[in-house]
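J.: Quick one: the structure is below, questions incoming.
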Amino acid sequence: MSMQVIFLGTAGSIPTPKRGLPSILIKREGEQIMFDCGEGVQRQMIMSGAGFHKKMKIFITHMHGDHVLGLPGLVQTMALLDREKKLEVYGPPGILKFMEAISETVQFSLTFPLEIHEVIMDGVICEEEDYTVEALRTNHVIQSFAYALVEKPRPGKFYPEKAKALGVPEGPLWSKLQRGETVKLKNAQVIKPEDVMGPPRPGRKIVYTGDTRPFAALAKFAANANLLVHDATLDDAMAERAEEDGHSTPSQAAKIAKKAKVEKLVLTHISARYDDTSAFLEQARKIFRNTFVAEDFMKLEIPLSTN
């Protein structure tokens, strides 16, 4: 199952000629999962090749304008394109009132169901058949949540030779075993999935912090993630300003990544004061080597574990 992360907007607070406002999009089979929705996001989606008609969920970290003001425009664009599938939006308290105010004051009609969920506590906030999305309250200047997309474990590897040796005929019974079901043969012998399959294989995990100062609970939340997308608004020389404004620096993000033992760290929410981000890489890579700075339209493939 393919999984691709597209960085639609990587700036902090205000856009620049090179960077749009915060948003990342995860394309997972026929579904799109968006974290944050900065202004102009629908243009970024068009330029990245994302679609407006697919199954989709949007998770807003907090109610600062650069993270949420793209939502009304995206919803209207979808309606103008005659979207029919339900759109689910998750966000902190205030997201429902915000969207109600837009619908009352801006004249457009929806062509699809819009379902809004307010996130009020840590834990699993969305559960699907094969993945969950978890929330964690972060350390910003207003209420804000980090999100983790966590795939459920996949069945272990199926060994046809074991099935044959146990007398399981190829066909529907093999399929049942691969789905985790116990089967019964004509001779009344019971075959369990673990008799013909390896141990469950872990799913993938992507963590998006939104805006935050570094804090201890984040490392546990991001533990063993394939990808950690972390706020790094200001460089290490401006650590005091970052603390005042509720943000992190490259070294701070790298320390979290190292403690969490993630596979890859991507720094985002870059302040408009920086045109050259080479210092960000230098500062972070001293602590966590597998670090990158996000750029608009950068794409990352997140492969399945082969273990």
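In the structure tokens, each chain is lettered A, B, ... as it comes, each chain's residues begin at 1, and ligands are numbered from 1 in order of appearance.
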Might you pull out every residue within 6 Å of region 39-50 of chain A, with only C-alpha atoms counted and same-chain residues fewer than 6 positions away left off, and present them as an MDAnalysis selection string?

T.: chainID A and resid 8 69:70 74

J.: Using only C-alpha atoms, what table do you get, as a Markdown table, when you list each residue of region 12-116 of chain A with an atom no more than 12 Å from region 232-236 of chain A, its nearest pair of atoms, and their distance in Å rounded to one decimal, rows by chain then rising number?

T.:
```
| residue | atom | partner | partner_atom | distance |
| --- | --- | --- | --- | --- |
| A:Gly12 | CA | A:Thr233 | CA | 6.5 |
| A:Ser13 | CA | A:Thr233 | CA | 9.3 |
| A:Ile14 | CA | A:Thr233 | CA | 11.6 |
| A:Pro22 | CA | A:Thr233 | CA | 11.4 |
```

J.: Any idea what's packed within 7 Å of region 212-217 of chain A, counting only C-alpha atoms, ignoring anything in its chain fewer than 5 positions away? Could you give it as an MDAnalysis selection string?

T.: chainID A and resid 138:140 231 243 246:248 252

J.: For the selection you just gave me, I'd like the residues written to a file as a PDB file, in the first residue's frame, keeping N, CA and C atoms.

T.:
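This is the output file again.pdb:
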```pdb
ATOM      1  N   THR A 138      -0.019  20.224  22.679  1.00  0.00           N
ATOM      2  CA  THR A 138       1.367  20.677  22.582  1.00  0.00           C
ATOM      3  C   THR A 138       1.606  21.910  23.457  1.00  0.00           C
ATOM      4  N   ASN A 139       2.781  22.496  23.325  1.00  0.00           N
ATOM      5  CA  ASN A 139       3.191  23.616  24.180  1.00  0.00           C
ATOM      6  C   ASN A 139       3.345  24.876  23.335  1.00  0.00           C
ATOM      7  N   HIS A 140       2.217  25.378  22.849  1.00  0.00           N
ATOM      8  CA  HIS A 140       2.207  26.604  22.048  1.00  0.00           C
ATOM      9  C   HIS A 140       1.600  27.726  22.899  1.00  0.00           C
ATOM     10  N   ASP A 231       8.006  21.583  13.965  1.00  0.00           N
ATOM     11  CA  ASP A 231       8.182  23.032  13.953  1.00  0.00           C
ATOM     12  C   ASP A 231       9.660  23.386  14.172  1.00  0.00           C
ATOM     13  N   GLU A 243      11.121  30.586  22.151  1.00  0.00           N
ATOM     14  CA  GLU A 243      10.447  30.263  23.412  1.00  0.00           C
ATOM     15  C   GLU A 243       9.301  31.239  23.672  1.00  0.00           C
ATOM     16  N   GLY A 246       6.378  30.494  21.284  1.00  0.00           N
ATOM     17  CA  GLY A 246       5.809  29.152  21.302  1.00  0.00           C
ATOM     18  C   GLY A 246       6.274  28.259  20.175  1.00  0.00           C
ATOM     19  N   HIS A 247       7.537  28.423  19.768  1.00  0.00           N
ATOM     20  CA  HIS A 247       8.069  27.645  18.650  1.00  0.00           C
ATOM     21  C   HIS A 247       9.343  26.899  19.065  1.00  0.00           C
ATOM     22  N   SER A 248       9.923  26.187  18.105  1.00  0.00           N
ATOM     23  CA  SER A 248      11.142  25.406  18.341  1.00  0.00           C
ATOM     24  C   SER A 248      12.238  25.821  17.371  1.00  0.00           C
ATOM     25  N   GLN A 252      16.487  21.839  18.844  1.00  0.00           N
ATOM     26  CA  GLN A 252      15.450  21.343  19.746  1.00  0.00           C
ATOM     27  C   GLN A 252      14.628  20.244  19.081  1.00  0.00           C
TER      28      GLN A 252
END
```

J.: DSSP on the backbone: what in region 204-254 of chain A comes out helix (DSSP H, G or I), as number ranges by chain?

T.: A: 216-221, 236-245, 250-254

J.: Can you pull out the residues contacting Val89 (chain A)? Cut-off 8 Å, using only C-alpha atoms, and skip same-chain residues under 4 positions away; I want them as a list in words.

T.: Lys57, Ile58, Phe59, Ile60, Leu114, Glu115, Ile116 and His117 of chain A

J.: Output the selection as a PDB file, in the first residue's frame - N, CA and C atoms for each residue.

T.:
```pdb
ATOM      1  N   LYS A  57      -9.799  13.676   4.928  1.00  0.00           N
ATOM      2  CA  LYS A  57      -9.926  14.195   6.280  1.00  0.00           C
ATOM      3  C   LYS A  57      -8.907  15.315   6.454  1.00  0.00           C
ATOM      4  N   ILE A  58      -9.295  16.345   7.205  1.00  0.00           N
ATOM      5  CA  ILE A  58      -8.409  17.477   7.474  1.00  0.00           C
ATOM      6  C   ILE A  58      -8.289  17.638   8.987  1.00  0.00           C
ATOM      7  N   PHE A  59      -7.050  17.762   9.477  1.00  0.00           N
ATOM      8  CA  PHE A  59      -6.780  17.921  10.903  1.00  0.00           C
ATOM      9  C   PHE A  59      -6.078  19.263  11.124  1.00  0.00           C
ATOM     10  N   ILE A  60      -6.737  20.159  11.847  1.00  0.00           N
ATOM     11  CA  ILE A  60      -6.194  21.490  12.133  1.00  0.00           C
ATOM     12  C   ILE A  60      -5.550  21.462  13.515  1.00  0.00           C
ATOM     13  N   LEU A 114     -20.379  18.067   5.143  1.00  0.00           N
ATOM     14  CA  LEU A 114     -19.210  18.567   5.870  1.00  0.00           C
ATOM     15  C   LEU A 114     -19.390  18.214   7.338  1.00  0.00           C
ATOM     16  N   GLU A 115     -18.496  17.387   7.847  1.00  0.00           N
ATOM     17  CA  GLU A 115     -18.601  16.884   9.220  1.00  0.00           C
ATOM     18  C   GLU A 115     -17.440  17.440  10.028  1.00  0.00           C
ATOM     19  N   ILE A 116     -17.745  18.184  11.083  1.00  0.00           N
ATOM     20  CA  ILE A 116     -16.707  18.847  11.874  1.00  0.00           C
ATOM     21  C   ILE A 116     -16.668  18.263  13.285  1.00  0.00           C
ATOM     22  N   HIS A 117     -15.457  17.895  13.716  1.00  0.00           N
ATOM     23  CA  HIS A 117     -15.253  17.314  15.035  1.00  0.00           C
ATOM     24  C   HIS A 117     -14.309  18.213  15.835  1.00  0.00           C
TER      25      HIS A 117
END
```

J.: Residues near region 296-304 of chain A, anyone? I mean within 10 Å using only C-alpha atoms, not counting same-chain ones fewer than 4 positions away, as a PyMOL selection string.

T.: chain A and resi 1-11+18-28+44-45+47-49+154+201-206+226-227+268

J.: The selected residues should be written to file as a JSON list (two decimals), in the first residue's frame (atoms: N, CA and C atoms).

T.:
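Everything below was put into result.json:
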```
[["chain", "number", "residue", "atom", "x", "y", "z"],
["A", 1, "MET", "N", 0.84, -1.19, 0.00],
["A", 1, "MET", "CA", 0.00, 0.00, 0.00],
["A", 1, "MET", "C", 0.88, 1.24, 0.00],
["A", 2, "SER", "N", 0.69, 2.09, -0.98],
["A", 2, "SER", "CA", 1.53, 3.27, -1.10],
["A", 2, "SER", "C", 1.15, 4.34, -0.08],
["A", 3, "MET", "N", 2.14, 5.13, 0.32],
["A", 3, "MET", "CA", 1.92, 6.29, 1.18],
["A", 3, "MET", "C", 2.91, 7.37, 0.79],
["A", 4, "GLN", "N", 2.39, 8.52, 0.42],
["A", 4, "GLN", "CA", 3.23, 9.64, -0.01],
["A", 4, "GLN", "C", 2.87, 10.88, 0.79],
["A", 5, "VAL", "N", 3.88, 11.58, 1.27],
["A", 5, "VAL", "CA", 3.68, 12.83, 1.99],
["A", 5, "VAL", "C", 4.08, 13.98, 1.08],
["A", 6, "ILE", "N", 3.17, 14.93, 0.89],
["A", 6, "ILE", "CA", 3.43, 16.10, 0.05],
["A", 6, "ILE", "C", 3.39, 17.34, 0.93],
["A", 7, "PHE", "N", 4.44, 18.14, 0.88],
["A", 7, "PHE", "CA", 4.50, 19.38, 1.65],
["A", 7, "PHE", "C", 3.91, 20.49, 0.80],
["A", 8, "LEU", "N", 2.68, 20.87, 1.11],
["A", 8, "LEU", "CA", 1.98, 21.89, 0.33],
["A", 8, "LEU", "C", 2.39, 23.30, 0.72],
["A", 9, "GLY", "N", 2.66, 23.51, 2.01],
["A", 9, "GLY", "CA", 3.07, 24.83, 2.48],
["A", 9, "GLY", "C", 4.00, 24.68, 3.66],
["A", 10, "THR", "N", 5.11, 25.41, 3.65],
["A", 10, "THR", "CA", 6.17, 25.18, 4.64],
["A", 10, "THR", "C", 6.62, 26.45, 5.36],
["A", 11, "ALA", "N", 5.91, 27.55, 5.14],
["A", 11, "ALA", "CA", 6.26, 28.82, 5.79],
["A", 11, "ALA", "C", 5.61, 28.92, 7.16],
["A", 18, "LYS", "N", 8.71, 31.65, -2.08],
["A", 18, "LYS", "CA", 9.05, 30.24, -2.21],
["A", 18, "LYS", "C", 8.20, 29.31, -1.34],
["A", 19, "ARG", "N", 7.54, 29.87, -0.36],
["A", 19, "ARG", "CA", 6.84, 29.04, 0.62],
["A", 19, "ARG", "C", 5.40, 29.49, 0.84],
["A", 20, "GLY", "N", 4.47, 28.52, 0.75],
["A", 20, "GLY", "CA", 3.10, 28.78, 1.12],
["A", 20, "GLY", "C", 2.90, 28.54, 2.61],
["A", 21, "LEU", "N", 1.67, 28.79, 3.06],
["A", 21, "LEU", "CA", 1.38, 28.64, 4.48],
["A", 21, "LEU", "C", 1.15, 27.16, 4.85],
["A", 22, "PRO", "N", 1.23, 26.85, 6.14],
["A", 22, "PRO", "CA", 1.38, 25.45, 6.57],
["A", 22, "PRO", "C", 0.30, 24.49, 6.10],
["A", 23, "SER", "N", 0.74, 23.40, 5.51],
["A", 23, "SER", "CA", -0.13, 22.28, 5.17],
["A", 23, "SER", "C", 0.70, 21.14, 4.64],
["A", 24, "ILE", "N", 0.41, 19.93, 5.10],
["A", 24, "ILE", "CA", 0.98, 18.74, 4.47],
["A", 24, "ILE", "C", -0.17, 17.81, 4.11],
["A", 25, "LEU", "N", 0.03, 17.04, 3.05],
["A", 25, "LEU", "CA", -1.00, 16.13, 2.56],
["A", 25, "LEU", "C", -0.41, 14.73, 2.47],
["A", 26, "ILE", "N", -1.10, 13.78, 3.07],
["A", 26, "ILE", "CA", -0.70, 12.38, 3.00],
["A", 26, "ILE", "C", -1.64, 11.67, 2.05],
["A", 27, "LYS", "N", -1.08, 11.11, 0.99],
["A", 27, "LYS", "CA", -1.87, 10.33, 0.03],
["A", 27, "LYS", "C", -1.67, 8.86, 0.36],
["A", 28, "ARG", "N", -2.75, 8.23, 0.72],
["A", 28, "ARG", "CA", -2.69, 6.84, 1.18],
["A", 28, "ARG", "C", -3.76, 6.05, 0.43],
["A", 44, "GLN", "N", -2.04, 25.07, -4.14],
["A", 44, "GLN", "CA", -0.93, 24.15, -3.89],
["A", 44, "GLN", "C", -1.33, 22.72, -4.24],
["A", 45, "MET", "N", -2.57, 22.36, -3.95],
["A", 45, "MET", "CA", -3.05, 21.02, -4.28],
["A", 45, "MET", "C", -3.07, 20.80, -5.79],
["A", 47, "MET", "N", -1.20, 22.32, -8.01],
["A", 47, "MET", "CA", 0.17, 22.26, -8.51],
["A", 47, "MET", "C", 0.86, 20.96, -8.14],
["A", 48, "SER", "N", 0.42, 20.33, -7.05],
["A", 48, "SER", "CA", 1.04, 19.07, -6.62],
["A", 48, "SER", "C", 0.39, 17.85, -7.24],
["A", 49, "GLY", "N", -0.73, 18.06, -7.92],
["A", 49, "GLY", "CA", -1.42, 16.93, -8.54],
["A", 49, "GLY", "C", -2.41, 16.24, -7.63],
["A", 154, "ARG", "N", -0.04, -5.01, 10.28],
["A", 154, "ARG", "CA", -0.49, -5.83, 9.15],
["A", 154, "ARG", "C", -0.25, -7.31, 9.47],
["A", 201, "ARG", "N", 3.28, -7.56, 11.18],
["A", 201, "ARG", "CA", 4.26, -6.56, 10.77],
["A", 201, "ARG", "C", 3.75, -5.16, 11.12],
["A", 202, "PRO", "N", 4.62, -4.31, 11.64],
["A", 202, "PRO", "CA", 4.16, -2.98, 12.08],
["A", 202, "PRO", "C", 3.71, -2.13, 10.90],
["A", 203, "GLY", "N", 2.72, -1.28, 11.17],
["A", 203, "GLY", "CA", 2.31, -0.30, 10.18],
["A", 203, "GLY", "C", 3.22, 0.92, 10.23],
["A", 204, "ARG", "N", 2.90, 1.92, 9.43],
["A", 204, "ARG", "CA", 3.70, 3.13, 9.39],
["A", 204, "ARG", "C", 3.14, 4.20, 10.33],
["A", 205, "LYS", "N", 4.00, 5.13, 10.70],
["A", 205, "LYS", "CA", 3.61, 6.18, 11.64],
["A", 205, "LYS", "C", 4.20, 7.51, 11.20],
["A", 206, "ILE", "N", 3.32, 8.51, 11.08],
["A", 206, "ILE", "CA", 3.74, 9.87, 10.72],
["A", 206, "ILE", "C", 3.23, 10.82, 11.79],
["A", 226, "ASN", "N", 8.08, 6.71, 11.49],
["A", 226, "ASN", "CA", 8.80, 6.72, 10.22],
["A", 226, "ASN", "C", 9.18, 8.14, 9.83],
["A", 227, "LEU", "N", 8.31, 9.09, 10.18],
["A", 227, "LEU", "CA", 8.54, 10.48, 9.82],
["A", 227, "LEU", "C", 8.01, 11.39, 10.92],
["A", 268, "THR", "N", 9.89, 22.23, 9.46],
["A", 268, "THR", "CA", 8.97, 23.04, 8.68],
["A", 268, "THR", "C", 8.55, 24.26, 9.48]]
```

J.: Point out the residue among A:Met238, A:Ile256, A:Ala188, A:Leu267 with the least atom-to-atom distance to Phe221 (chain A), counting only C-alpha atoms.

T.: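 Of all the options, A:Ile256 lies closest to Phe221 (chain A).
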